[in-house]
Structure formats: structure tokens, C-alpha cells
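Participant: Structure file final29.cif (mmCIF, C-alpha atoms) right here:
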data_entry
loop_
_atom_site.label_atom_id
_atom_site.label_comp_id
_atom_site.auth_asym_id
_atom_site.auth_seq_id
_atom_site.Cartn_x
_atom_site.Cartn_y
_atom_site.Cartn_z
CA MET A 1 -20.06 17.15 10.00
CA ASP A 2 -18.23 18.32 13.10
CA ILE A 3 -18.72 16.62 16.46
CA THR A 4 -17.37 17.45 19.90
CA ILE A 5 -16.36 14.59 22.19
CA GLN A 6 -16.33 15.01 25.96
CA PRO A 7 -13.29 13.23 27.43
CA THR A 8 -14.33 9.97 29.08
CA GLN A 9 -13.04 6.44 29.31
CA LEU A 10 -14.90 3.83 27.28
CA GLY A 11 -15.73 0.24 28.16
CA GLY A 12 -18.05 -2.65 27.44
CA THR A 13 -18.54 -4.99 24.48
CA VAL A 14 -18.32 -4.11 20.77
CA GLN A 15 -19.45 -6.31 17.89
CA VAL A 16 -16.66 -5.68 15.39
CA PRO A 17 -17.91 -5.04 11.83
CA PRO A 18 -17.05 -7.41 8.98
CA SER A 19 -13.68 -7.11 7.26
CA LYS A 20 -13.72 -4.58 4.44
CA SER A 21 -10.73 -6.25 2.77
CA ILE A 22 -12.38 -9.67 2.76
CA SER A 23 -15.80 -8.27 1.76
CA HIS A 24 -14.31 -6.80 -1.45
CA ARG A 25 -12.60 -10.08 -2.31
CA ALA A 26 -15.57 -12.34 -1.59
CA LEU A 27 -17.93 -10.19 -3.63
CA ILE A 28 -15.60 -10.15 -6.63
CA CYS A 29 -15.10 -13.91 -6.59
CA ALA A 30 -18.82 -14.58 -6.16
CA ALA A 31 -19.63 -12.21 -9.04
CA LEU A 32 -17.32 -14.21 -11.34
CA ALA A 33 -18.77 -17.62 -10.37
CA ALA A 34 -21.43 -18.89 -12.78
CA GLY A 35 -24.27 -19.65 -10.40
CA THR A 36 -25.47 -18.45 -7.03
CA SER A 37 -23.28 -17.73 -4.01
CA ALA A 38 -24.14 -16.48 -0.54
CA VAL A 39 -21.85 -13.97 1.12
CA GLU A 40 -22.70 -13.70 4.81
CA ASN A 41 -21.68 -11.04 7.32
CA LEU A 42 -20.81 -8.64 4.50
CA LEU A 43 -19.71 -5.12 5.36
CA VAL A 44 -22.07 -2.48 3.99
CA SER A 45 -20.09 0.75 3.58
CA GLU A 46 -19.39 3.34 0.89
CA ASP A 47 -16.36 1.44 -0.47
CA ILE A 48 -18.22 -1.88 -0.62
CA THR A 49 -21.20 -0.19 -2.28
CA ALA A 50 -18.85 1.11 -4.98
CA THR A 51 -17.61 -2.42 -5.66
CA CYS A 52 -21.17 -3.81 -5.74
CA GLU A 53 -22.33 -1.19 -8.24
CA ILE A 54 -19.52 -2.01 -10.66
CA LEU A 55 -20.01 -5.77 -10.32
CA LYS A 56 -23.65 -5.27 -11.22
CA GLN A 57 -22.61 -3.29 -14.31
CA ILE A 58 -20.50 -6.21 -15.51
CA GLY A 59 -23.40 -8.63 -15.13
CA ALA A 60 -23.64 -9.86 -11.53
CA GLY A 61 -26.86 -9.91 -9.55
CA ILE A 62 -26.43 -8.81 -5.92
CA GLU A 63 -29.29 -8.60 -3.44
CA ASN A 64 -30.05 -8.88 0.26
CA ILE A 65 -31.57 -12.14 1.42
CA ASN A 66 -33.10 -13.56 4.59
CA GLY A 67 -34.08 -10.08 5.76
CA SER A 68 -30.50 -9.40 6.80
CA GLU A 69 -28.63 -6.30 5.69
CA GLN A 70 -25.36 -8.25 5.87
CA THR A 71 -26.32 -11.40 3.95
CA PHE A 72 -26.18 -11.14 0.18
CA GLN A 73 -27.06 -13.49 -2.65
CA VAL A 74 -24.71 -13.06 -5.58
CA THR A 75 -25.59 -14.46 -8.99
CA GLY A 76 -22.37 -14.45 -10.95
CA ARG A 77 -21.09 -15.16 -14.42
CA LYS A 78 -17.88 -15.15 -16.42
CA PRO A 79 -17.33 -11.68 -17.93
CA ALA A 80 -18.97 -11.05 -21.30
CA VAL A 81 -17.59 -8.36 -23.56
CA CYS A 82 -19.59 -5.23 -24.36
CA ASP A 83 -18.52 -2.20 -26.39
CA GLU A 84 -18.13 0.44 -23.68
CA LEU A 85 -18.43 0.92 -19.91
CA THR A 86 -18.01 3.84 -17.52
CA LEU A 87 -17.25 2.65 -13.99
CA ASP A 88 -17.50 4.95 -10.97
CA CYS A 89 -15.21 3.85 -8.13
CA HIS A 90 -16.32 6.72 -5.86
CA GLU A 91 -13.41 7.15 -3.37
CA SER A 92 -12.43 3.48 -3.15
CA GLY A 93 -8.85 2.66 -4.13
CA SER A 94 -9.54 -1.04 -3.52
CA THR A 95 -12.44 -1.01 -5.98
CA LEU A 96 -10.37 0.68 -8.67
CA ARG A 97 -7.24 -1.43 -8.36
CA PHE A 98 -9.00 -4.77 -7.85
CA LEU A 99 -11.30 -4.32 -10.85
CA MET A 100 -9.13 -2.65 -13.50
CA PRO A 101 -7.72 -5.87 -15.02
CA LEU A 102 -11.14 -7.58 -14.87
CA ALA A 103 -12.84 -4.62 -16.50
CA THR A 104 -10.65 -4.94 -19.58
CA LEU A 105 -12.22 -8.38 -20.08
CA CYS A 106 -15.72 -6.88 -19.92
CA ALA A 107 -15.59 -4.03 -22.42
CA LYS A 108 -13.64 -3.04 -25.50
CA ARG A 109 -13.37 0.46 -24.03
CA VAL A 110 -13.72 1.15 -20.30
CA THR A 111 -13.49 4.48 -18.48
CA PHE A 112 -12.86 4.75 -14.74
CA VAL A 113 -13.95 7.79 -12.76
CA GLY A 114 -13.72 8.63 -9.08
CA ARG A 115 -13.88 11.44 -6.56
CA GLY A 116 -12.19 12.77 -3.46
CA ARG A 117 -8.47 11.99 -3.48
CA LEU A 118 -8.88 8.86 -5.62
CA PRO A 119 -8.20 10.63 -8.98
CA GLU A 120 -4.74 11.50 -7.64
CA ARG A 121 -3.74 8.11 -6.23
CA PRO A 122 -1.06 6.34 -8.30
CA LEU A 123 -1.71 3.65 -10.91
CA LEU A 124 1.76 3.47 -12.45
CA PRO A 125 2.28 -0.27 -11.75
CA TYR A 126 -0.72 -1.04 -13.96
CA ARG A 127 0.19 1.48 -16.64
CA ASP A 128 3.46 -0.25 -17.50
CA ILE A 129 1.87 -3.72 -17.43
CA PHE A 130 -1.18 -2.72 -19.47
CA LYS A 131 0.84 -0.92 -22.11
CA ALA A 132 3.11 -3.96 -22.46
CA ALA A 133 -0.04 -6.05 -22.98
CA GLY A 134 -1.14 -3.77 -25.81
CA ILE A 135 -3.85 -1.94 -23.86
CA LYS A 136 -4.27 1.72 -24.77
CA TRP A 137 -3.98 3.94 -21.66
CA GLU A 138 -5.60 7.36 -21.97
CA ALA A 139 -5.60 9.68 -18.95
CA GLN A 140 -7.90 12.62 -19.61
CA SER A 141 -6.24 15.18 -17.35
CA GLU A 142 -3.21 15.77 -15.17
CA LYS A 143 -4.88 13.59 -12.54
CA VAL A 144 -4.94 9.79 -12.82
CA LEU A 145 -8.72 9.71 -13.30
CA PRO A 146 -10.71 9.84 -15.50
CA LEU A 147 -8.83 7.02 -17.22
CA THR A 148 -9.87 5.17 -20.36
CA LEU A 149 -8.53 1.74 -21.34
CA GLU A 150 -8.92 0.08 -24.73
CA GLY A 151 -7.99 -3.57 -25.12
CA ALA A 152 -7.91 -6.60 -22.85
CA ILE A 153 -5.38 -8.08 -20.45
CA ARG A 154 -3.83 -11.18 -22.03
CA PRO A 155 -1.81 -14.18 -20.88
CA GLY A 156 1.84 -13.51 -20.26
CA ASP A 157 4.76 -13.27 -17.88
CA TYR A 158 4.26 -10.23 -15.68
CA GLU A 159 6.58 -8.43 -13.27
CA MET A 160 5.82 -5.94 -10.53
CA SER A 161 7.77 -4.33 -7.70
CA GLY A 162 6.96 -5.53 -4.18
CA ASN A 163 6.88 -2.06 -2.63
CA VAL A 164 3.64 -1.00 -4.34
CA SER A 165 0.15 -1.54 -3.01
CA SER A 166 -0.75 -5.24 -2.83
CA GLN A 167 -4.05 -4.29 -4.49
CA PHE A 168 -2.27 -4.24 -7.86
CA ILE A 169 -1.09 -7.81 -7.32
CA SER A 170 -4.54 -8.95 -6.21
CA GLY A 171 -6.16 -7.30 -9.24
CA LEU A 172 -4.04 -9.42 -11.57
CA LEU A 173 -4.69 -12.57 -9.54
CA PHE A 174 -8.46 -12.07 -9.95
CA ALA A 175 -8.26 -11.69 -13.75
CA LEU A 176 -5.44 -13.89 -15.05
CA PRO A 177 -7.03 -17.28 -14.18
CA LEU A 178 -9.89 -16.45 -16.60
CA LEU A 179 -7.60 -16.21 -19.64
CA ASP A 180 -7.20 -19.01 -22.17
CA GLN A 181 -3.50 -19.58 -21.48
CA PRO A 182 -1.36 -19.72 -18.30
CA SER A 183 0.43 -16.69 -16.91
CA THR A 184 3.12 -15.98 -14.36
CA LEU A 185 3.61 -13.04 -12.00
CA THR A 186 7.00 -12.25 -10.50
CA ILE A 187 7.50 -9.74 -7.68
CA THR A 188 10.91 -8.20 -8.26
CA THR A 189 11.59 -6.96 -4.71
CA VAL A 190 10.59 -7.98 -1.19
CA LEU A 191 6.80 -8.02 -0.98
CA GLU A 192 5.24 -5.49 1.38
CA SER A 193 1.70 -6.00 2.70
CA ARG A 194 2.06 -9.74 2.10
CA PRO A 195 -0.89 -10.60 4.39
CA TYR A 196 -3.25 -8.89 1.95
CA VAL A 197 -2.01 -11.10 -0.89
CA ASP A 198 -2.50 -14.13 1.35
CA LEU A 199 -6.09 -12.98 1.92
CA THR A 200 -6.64 -12.86 -1.84
CA LEU A 201 -5.19 -16.32 -2.36
CA ASN A 202 -7.33 -17.72 0.46
CA VAL A 203 -10.58 -16.30 -0.94
CA LEU A 204 -9.69 -17.33 -4.50
CA ALA A 205 -9.14 -20.91 -3.33
CA HIS A 206 -12.52 -20.89 -1.57
CA PHE A 207 -14.14 -20.08 -4.93
CA GLY A 208 -12.21 -22.78 -6.81
CA ILE A 209 -9.29 -20.84 -8.30
CA GLU A 210 -5.86 -22.51 -8.16
CA ILE A 211 -2.71 -20.40 -8.04
CA GLU A 212 0.71 -21.77 -7.16
CA ALA A 213 2.59 -19.23 -5.05
CA SER A 214 6.15 -19.47 -3.78
CA GLU A 215 6.77 -19.46 -0.05
CA ASP A 216 8.02 -15.85 -0.14
CA ARG A 217 5.06 -14.83 -2.34
CA ARG A 218 7.34 -13.44 -5.04
CA HIS A 219 6.48 -15.96 -7.77
CA TYR A 220 2.99 -16.99 -8.94
CA SER A 221 2.07 -19.62 -11.51
CA ILE A 222 -1.49 -19.05 -12.75
CA PRO A 223 -3.15 -21.69 -14.94
CA GLY A 224 -5.57 -20.40 -17.56
CA LYS A 225 -9.08 -21.56 -18.49
CA GLN A 226 -10.18 -21.62 -14.86
CA HIS A 227 -13.73 -21.13 -13.64
CA TYR A 228 -14.84 -19.51 -10.41
CA LYS A 229 -17.21 -21.84 -8.53
CA PRO A 230 -20.23 -20.67 -6.52
CA ALA A 231 -19.78 -20.97 -2.77
CA GLN A 232 -21.07 -19.87 0.59
CA TYR A 233 -18.68 -17.47 2.31
CA GLN A 234 -18.70 -16.06 5.84
CA VAL A 235 -16.78 -12.80 6.21
CA GLU A 236 -14.89 -12.59 9.49
CA GLY A 237 -14.65 -9.52 11.70
CA ASP A 238 -12.23 -6.73 10.75
CA PHE A 239 -9.02 -6.42 12.76
CA SER A 240 -8.39 -3.06 11.06
CA GLN A 241 -11.49 -1.70 12.83
CA ALA A 242 -11.05 -3.75 15.99
CA ALA A 243 -7.69 -2.05 16.46
CA PHE A 244 -9.42 1.19 17.45
CA TRP A 245 -11.52 -0.56 20.10
CA LEU A 246 -8.58 -2.52 21.46
CA ALA A 247 -6.68 0.75 21.80
CA MET A 248 -9.62 2.35 23.60
CA GLY A 249 -9.79 -0.69 25.84
CA VAL A 250 -6.20 -0.45 27.09
CA ASN A 251 -6.51 3.34 27.43
CA GLY A 252 -9.94 3.19 29.07
CA LYS A 253 -12.06 0.81 31.14
CA GLY A 254 -11.49 -2.30 29.01
CA ILE A 255 -13.34 -3.45 25.88
CA LEU A 256 -14.33 -6.92 24.68
CA CYS A 257 -14.29 -7.25 20.87
CA THR A 258 -16.62 -9.96 19.54
CA GLY A 259 -16.94 -11.27 15.99
CA LEU A 260 -13.20 -11.80 15.50
CA PRO A 261 -11.42 -15.13 14.96
CA GLN A 262 -8.62 -16.17 17.28
CA LYS A 263 -6.33 -16.63 14.26
CA SER A 264 -6.60 -14.81 10.95
CA PHE A 265 -4.91 -14.16 7.61
CA GLN A 266 -5.60 -10.46 8.15
CA GLY A 267 -2.36 -8.55 8.47
CA ASP A 268 -3.91 -6.11 10.91
CA SER A 269 -4.33 -8.88 13.48
CA ALA A 270 -0.75 -7.76 14.28
CA ILE A 271 -2.38 -5.11 16.50
CA ILE A 272 -2.60 -7.69 19.28
CA ASP A 273 1.13 -8.43 19.34
CA LEU A 274 2.02 -4.76 18.97
CA ILE A 275 -0.10 -3.72 21.95
CA ARG A 276 1.45 -6.56 23.95
CA GLN A 277 4.95 -5.46 22.95
CA MET A 278 4.11 -2.04 24.37
CA GLY A 279 3.14 -3.69 27.65
CA GLY A 280 -0.62 -3.59 27.07
CA GLU A 281 -2.87 -6.49 28.03
CA VAL A 282 -4.92 -8.12 25.27
CA VAL A 283 -6.21 -11.66 25.88
CA TRP A 284 -8.45 -14.22 24.19
CA GLU A 285 -11.28 -15.13 26.52
CA ASP A 286 -14.74 -16.62 26.02
CA GLY A 287 -14.37 -16.58 22.23
CA ALA A 288 -13.44 -12.90 21.93
CA TRP A 289 -10.47 -10.54 22.21
CA ALA A 290 -10.40 -8.48 25.40
CA ALA A 291 -8.28 -5.34 25.84
CA LYS A 292 -7.80 -4.48 29.49
CA PRO A 293 -6.71 -1.21 31.12
CA SER A 294 -2.93 -1.19 31.14
CA GLY A 295 0.03 1.13 31.03
CA ARG A 296 2.38 0.95 28.10
CA HIS A 297 5.86 1.98 27.01
CA GLY A 298 7.24 3.14 23.68
CA ILE A 299 8.58 0.71 21.07
CA THR A 300 9.65 0.69 17.42
CA MET A 301 6.87 -0.50 15.08
CA ASP A 302 7.42 -1.48 11.43
CA VAL A 303 4.06 -1.19 9.65
CA ALA A 304 5.20 -2.29 6.16
CA GLN A 305 3.00 -5.39 6.43
CA CYS A 306 0.09 -3.67 8.23
CA PRO A 307 0.04 -0.04 7.04
CA ASP A 308 -3.61 0.62 7.96
CA LEU A 309 -2.69 0.29 11.64
CA MET A 310 -0.48 3.36 11.59
CA PRO A 311 -3.09 5.95 12.76
CA VAL A 312 -4.18 3.96 15.80
CA LEU A 313 -0.59 2.97 16.60
CA ALA A 314 0.34 6.65 16.55
CA VAL A 315 -2.29 7.36 19.20
CA LEU A 316 -1.15 4.38 21.27
CA ALA A 317 2.40 5.72 21.06
CA ALA A 318 1.23 9.20 22.05
CA THR A 319 -0.38 7.80 25.21
CA ALA A 320 2.52 5.48 26.12
CA GLU A 321 5.50 6.31 28.27
CA GLY A 322 8.66 7.30 26.42
CA GLU A 323 9.68 7.35 22.79
CA SER A 324 8.14 5.33 19.97
CA LYS A 325 9.12 5.04 16.31
CA ILE A 326 6.88 4.09 13.41
CA THR A 327 8.73 2.86 10.31
CA GLY A 328 7.87 1.33 6.92
CA ALA A 329 4.98 3.74 6.38
CA GLY A 330 5.98 5.66 3.25
CA ARG A 331 3.08 4.35 1.13
CA LEU A 332 0.63 5.90 3.59
CA ARG A 333 1.29 9.25 1.98
CA LEU A 334 -0.81 8.01 -0.96
CA LYS A 335 -3.95 6.88 0.88
CA GLU A 336 -7.22 8.79 1.35
CA SER A 337 -4.92 11.46 2.78
CA ASP A 338 -1.22 11.76 3.42
CA ARG A 339 -1.76 9.79 6.60
CA LEU A 340 1.70 10.36 8.01
CA THR A 341 1.39 14.14 7.86
CA ALA A 342 -2.27 14.05 8.91
CA MET A 343 -1.51 12.01 12.04
CA ALA A 344 1.55 14.08 12.89
CA GLU A 345 -0.58 17.24 12.71
CA LEU A 346 -3.37 15.67 14.75
CA LEU A 347 -1.01 14.66 17.56
CA ARG A 348 0.68 18.05 17.58
CA GLN A 349 -2.74 19.68 17.98
CA LEU A 350 -3.15 17.54 21.10
CA GLY A 351 0.17 18.64 22.57
CA ILE A 352 2.36 15.72 21.53
CA ARG A 353 5.90 16.12 20.24
CA VAL A 354 6.23 14.43 16.85
CA GLU A 355 9.09 14.32 14.35
CA GLU A 356 7.98 13.25 10.90
CA ALA A 357 10.26 11.34 8.51
CA PRO A 358 9.76 10.24 4.87
CA GLU A 359 8.90 6.67 5.94
CA GLY A 360 7.49 7.18 9.41
CA MET A 361 7.63 9.28 12.57
CA THR A 362 8.99 9.48 16.10
CA ILE A 363 6.51 10.18 18.90
CA TRP A 364 7.21 11.16 22.50
CA GLY A 365 4.26 9.97 24.56
CA LYS A 366 2.71 11.32 27.73
CA ALA A 367 -0.19 10.37 29.96
CA GLN A 368 -2.44 13.35 29.18
CA LEU A 369 -3.36 14.93 25.86
CA GLN A 370 -4.90 18.36 25.49
CA GLY A 371 -8.24 18.97 23.82
CA GLY A 372 -9.04 21.28 20.94
CA ALA A 373 -9.99 20.68 17.31
CA VAL A 374 -8.57 18.22 14.78
CA ASP A 375 -9.25 17.76 11.06
CA THR A 376 -9.90 14.27 9.66
CA VAL A 377 -8.91 15.47 6.13
CA ASN A 378 -11.82 13.27 4.97
CA ASP A 379 -9.97 10.12 6.03
CA HIS A 380 -11.96 7.47 7.90
CA ARG A 381 -8.97 6.11 9.81
CA ILE A 382 -7.89 9.57 10.94
CA ALA A 383 -11.42 10.18 12.27
CA MET A 384 -11.41 6.95 14.28
CA ALA A 385 -7.90 7.63 15.57
CA ALA A 386 -9.17 10.98 16.88
CA ALA A 387 -11.90 9.13 18.78
CA VAL A 388 -9.24 6.96 20.43
CA ALA A 389 -7.24 10.04 21.39
CA SER A 390 -10.29 11.67 23.01
CA GLU A 391 -10.14 9.24 25.94
CA ARG A 392 -6.91 10.84 27.13
CA CYS A 393 -7.78 14.49 26.41
CA SER A 394 -8.02 17.00 29.28
CA ASP A 395 -10.67 19.05 27.46
CA PRO A 396 -13.34 18.42 24.81
CA LEU A 397 -12.13 17.37 21.37
CA THR A 398 -13.85 18.63 18.22
CA VAL A 399 -13.50 16.26 15.25
CA GLN A 400 -13.96 18.06 11.94
CA GLY A 401 -15.27 15.86 9.11
CA ALA A 402 -16.43 13.05 11.40
CA GLU A 403 -18.66 11.64 8.65
CA ALA A 404 -15.54 10.22 6.95
CA VAL A 405 -16.16 6.96 8.86
CA ARG A 406 -18.94 6.10 6.38
CA LYS A 407 -16.25 4.93 3.98
CA SER A 408 -15.52 1.79 6.01
CA TYR A 409 -17.49 1.82 9.30
CA PRO A 410 -20.83 3.67 9.04
CA ASP A 411 -21.91 2.72 12.58
CA PHE A 412 -18.68 3.79 14.29
CA TRP A 413 -20.05 6.78 16.16
CA ASP A 414 -23.12 4.81 17.29
CA ASP A 415 -20.84 2.09 18.68
CA PHE A 416 -18.71 4.79 20.26
CA LYS A 417 -21.71 6.18 22.15
CA ARG A 418 -22.89 2.70 23.16
CA SER A 419 -19.46 2.15 24.72
CA GLY A 420 -19.82 5.26 26.86
CA GLY A 421 -18.59 7.97 24.51
CA ILE A 422 -20.20 11.37 24.97
CA ILE A 423 -20.74 13.33 21.74
CA ALA A 424 -22.22 16.81 21.54
#
Mind turning the file's structure into C-alpha cells?

Facilitator:
Amino acid sequence: MDITIQPTQLGGTVQVPPSKSISHRALICAALAAGTSAVENLLVSEDITATCEILKQIGAGIENINGSEQTFQVTGRKPAVCDELTLDCHESGSTLRFLMPLATLCAKRVTFVGRGRLPERPLLPYRDIFKAAGIKWEAQSEKVLPLTLEGAIRPGDYEMSGNVSSQFISGLLFALPLLDQPSTLTITTVLESRPYVDLTLNVLAHFGIEIEASEDRRHYSIPGKQHYKPAQYQVEGDFSQAAFWLAMGVNGKGILCTGLPQKSFQGDSAIIDLIRQMGGEVVWEDGAWAAKPSGRHGITMDVAQCPDLMPVLAVLAATAEGESKITGAGRLRLKESDRLTAMAELLRQLGIRVEEAPEGMTIWGKAQLQGGAVDTVNDHRIAMAAAVASERCSDPLTVQGAEAVRKSYPDFWDDFKRSGGIIA
């Protein structure tokens, strides 16, 4: 689906959707708790649907309650072993990486399939660990998926590099407490994306799972024979999605983002400090975060701990005065797209000078962008970054593949129009 946006400044109030990262985690924990849990303010998107479908296959009951599309009753249980499962992760890397270790406890033989770019996204950190645990790893083509595993994860002392996706770490933390003996997990290098691991630990604790983690999050002691406990869980608003509205607020008429906490474990809450470092005005007022029209200057931004912010930060840099550098972004080449190259190409299409590097990019900003056509490369965050850029375009901007937002924020374009956006 292609859309054409007429350049205009946006303003008003936006109810930020629930956190996708937290929604995945809360659903998984509730599905493993013997009994009934309520997960409120749950994000309903393509990625979350993929997780729900797999959790149902392994025995959980998940249904809407109270007439609300965002309140779910989850009837969980400890995994029971069947002979064989085929699990479709659609395009969701979170679903795949979170559930791989758990799935080995649910079936003697489990096959994972996916679509889009997911079959090409790396799983090497699990391959080494699973093979060491005696699990047979059978990739059926040159791509990562389809992938068949035979055998179950078992107690042990595990090691993993800290410069891989935190989703691999979280996947082990979901499964290892269920085993009959204790385990340890050691991160052998400095941990990137630490806030996402903190999110996992926080949600696990809410559902009764105890894990002792070192202050630097490089060592984890995981007792065995634990049981997830049913709970009521309220998912907070998503700073990853709010970042786009905060950017549109400082570039436009000002936007108030409701549904967010003042303080959060979410790593992408760093967007507030980063906008402020650029000279933008973001304030907490009346129980919400308000982004106000403000000029900005270029800065250096390390996104190692908040990689999902890179696309919107690139647009903020492109509309700021002077030179900005984005660093610590090498892993973004392995997301739904090669996000570094995709964003560099998008900005160049809009008349911005960009120099791409293996781990980031340098951007020379200016007040006015040109219009034209940009390709989302089927990446939801690239599509939303294009929407942010449209505010500063001199001519209409055509966004090719605008439907990519369904992956994480199905109502994005509706909210965009409610905030004053004009879409043809």
C-alpha cells in the first residue's frame, strides 16, 4: 500500500499504544502460570498475534474479556511434552527467539517457520548453546528457517556474548527456571540492550520467578523447579512508539503523549533525554509527556542500549542544525531490514547528506527536506520514521509499503490523521 502525505505540522494529543516488548513478555509468563491471569492494555499487532498463536499451540488459553480488545484472560499451564509441533512465527523475531528454548520443553521435535526477512535473521547464539545441550539442530535450507530441533534444553552453565540480541538472553531466562536443577548464565562481554533484559527480569518477578542477577547483568543464577504464578498485569505505554510522536511534536505544533509512565524500565524512554540533549523541549505535565515546538542542534547518539530508536533519531538529526553522529547501531543491519542502509537511503531521497558506517552514520541536518518517494522496505519503524520526516518536507511525500506499521502499531496512520496529518 502506497500513501502520499501532504506536508503539514502535526499537533494535539495521542494515546500511545501498549508496549510491544512488555506485551510479549507478559503473555509468555501468563501462559506458563498454572491458573488464570489477566493481561490488561495488551498490544494487538501482527507480532503479538504470532506469539499468542504459538502459546495456544503449547496449551495456553487466551481470549478477550470485558468487551475490551486490549484486555485478555490467559489460562496457563506448565509445558507438557508432545511428539511434534510446527510453530509459525510469521515475521516476529521476538516470538522466535523468546520461544525457542521453551518450545524444546513442549515437543520432542519442533519445527519453526517464518516469512519476510525472519528466515534470514541470525540464530547462531542459540545454535551453539543448543548443540552443547544435546539438541539436534537441523536447518532445512541455506536460510535459518525452517529449523527443526530435537531434544530439550537442560540445566547447565551457559555462556553467551553480550553483543547479540538481548532476546536470546530473555529466551533462556523464560525456560531455565522450569528445569529440575539450577542453571547459570554468564554474559562474556559487555551487555548491549541491557534495558530489555531488565524488562524481562521485572516481568518474570511479577509472575513469581526468582533470578539472581549481578549488578552489571553479566551473571545470572537461576534456581530450578520454579513455578510461574498467575497474576494481573497492566502493560504500560510504548516509548518505542511514543518516540515518533515526540519527534513530530518538537518538529511540529507540539504533541502530548498519554498512556506513558513518568519512569520506566523501557530502554527507549531514553528518547526524552536524547531530544533534550539536542535542545528540544520535552516535559512531564499533567500525567503525560509533552513535546513542544523547539529548534535543535546535532549531537552524537550511542544507540547500543536503545537500537529501535535509530530511525526516528536519524530523522531528528536530519531536521536539526549541524552534524549528528549515530553510533552503536551495527546490529540494526539484522532487523526487519538493514535499518542503517534503509534510513540512509530514505534521508538521501529527501535531500540530506548522510555518510554510512558499519556501526552507524553521520548526518548533516537542515531545516527543510524535499519531498518525493521513499521505500519502507517492509519495515514498520522505517514507515513511521518517514511519517515524521513528512512534517519538514517541501513537497508531498509518497511512502511505499505503508502497511508495514501493522507489525507493531496497526492504528498508526489513523492516529497520524487525527493529529492533523493529511494522507491522499

Participant: Could you name the residues that touch range 35-41 of chain A at 6 Å or less, counting only C-alpha atoms, but leaving out those on the same chain fewer than 4 positions away, as a count of residues only?

Facilitator: 14

Participant: Please write the residues picked by the PyMOL selection byres ((chain A and resi 410-417) around 12) on this file as a PyMOL selection string.

Facilitator: chain A and resi 3-6+8-18+20+43-49+241-242+244-245+248-249+255+257+380-381+383-388+390-391+399+402-409+418-424

Participant: Which one is closest to Glu345 in chain A: A:Ala213, A:Leu176, A:Ile28, A:Ile363? Count all atoms listed in the file.

Facilitator: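 Checking each of A:Ala213, A:Leu176, A:Ile28, A:Ile363 against Glu345 in chain A, counting all atoms listed in the file, the winner is A:Ile363.
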
Participant: Counting only C-alpha atoms, what is within 10 Å of range 353-357 of chain A, bar same-chain residues fewer than 6 positions away, as a PyMOL selection string?

Facilitator: chain A and resi 314+318+323-327+329-330+340-341+343-347+363-366

Participant: Measuring atom to atom with all atoms listed in the file, identify which of A:Gln370, A:Pro396, A:Leu334, A:Ala50 is nearest to Pro119 in chain A.

Facilitator: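 Smallest distance to Pro119 in chain A is found for A:Leu334.
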
Participant: Name the residues in contact with Leu123 in chain A at a cut-off of 10 Å, using only C-alpha atoms, excluding same-chain residues fewer than 3 positions from it; report them as a short mmCIF file (atom, residue, chain, number, x, y, z; two decimals) with C-alpha atoms, keeping the file's coordinate frame.

Facilitator:
data_model
loop_
_atom_site.label_atom_id
_atom_site.label_comp_id
_atom_site.auth_asym_id
_atom_site.auth_seq_id
_atom_site.Cartn_x
_atom_site.Cartn_y
_atom_site.Cartn_z
CA GLY A 93 -8.85 2.66 -4.13
CA LEU A 96 -10.37 0.68 -8.67
CA ARG A 97 -7.24 -1.43 -8.36
CA PRO A 119 -8.20 10.63 -8.98
CA GLU A 120 -4.74 11.50 -7.64
CA TYR A 126 -0.72 -1.04 -13.96
CA ARG A 127 0.19 1.48 -16.64
CA ASP A 128 3.46 -0.25 -17.50
CA VAL A 144 -4.94 9.79 -12.82
CA LEU A 145 -8.72 9.71 -13.30
CA VAL A 164 3.64 -1.00 -4.34
CA SER A 165 0.15 -1.54 -3.01
CA PHE A 168 -2.27 -4.24 -7.86
#

Participant: Would you work out the distance separating CA of Asp338 in chain A from CA of Val374 in chain A, expressed in Å to one decimal?

Facilitator: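 Distance between the two atoms: 15.0 Å.
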
Participant: Step by step, work through what the PyMOL selection byres ((chain A and resi 243) around 9) selects in the shown file, and finish by giving those residues as a PyMOL selection string.

Facilitator: chain A and resi 238-242+244-248+268-269+271-272+309+312-313

Participant: Determine the nearest neighbour of Leu185 in chain A from the options A:Leu27, A:Leu87, A:Val113, A:Ile129, counting only C-alpha atoms.

Facilitator: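 For Leu185 in chain A, the nearest of the given residues is A:Ile129.
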
Participant: Counting all atoms listed in the file, find residues at most 6 Å from (-2.8, 9.5, 5.0) (file frame) and give them as a count of residues only.

Facilitator: 8

Participant: Could you list, as a CSV table (one decimal) with C-alpha atoms, in the frame of the given file, every residue matched by the PyMOL selection byres ((chain A and resi 194) around 8) in this structure?

Facilitator:
chain,number,residue,atom,x,y,z
A,166,SER,CA,-0.8,-5.2,-2.8
A,191,LEU,CA,6.8,-8.0,-1.0
A,192,GLU,CA,5.2,-5.5,1.4
A,193,SER,CA,1.7,-6.0,2.7
A,195,PRO,CA,-0.9,-10.6,4.4
A,196,TYR,CA,-3.2,-8.9,2.0
A,197,VAL,CA,-2.0,-11.1,-0.9
A,198,ASP,CA,-2.5,-14.1,1.4
A,217,ARG,CA,5.1,-14.8,-2.3
A,267,GLY,CA,-2.4,-8.6,8.5
A,305,GLN,CA,3.0,-5.4,6.4
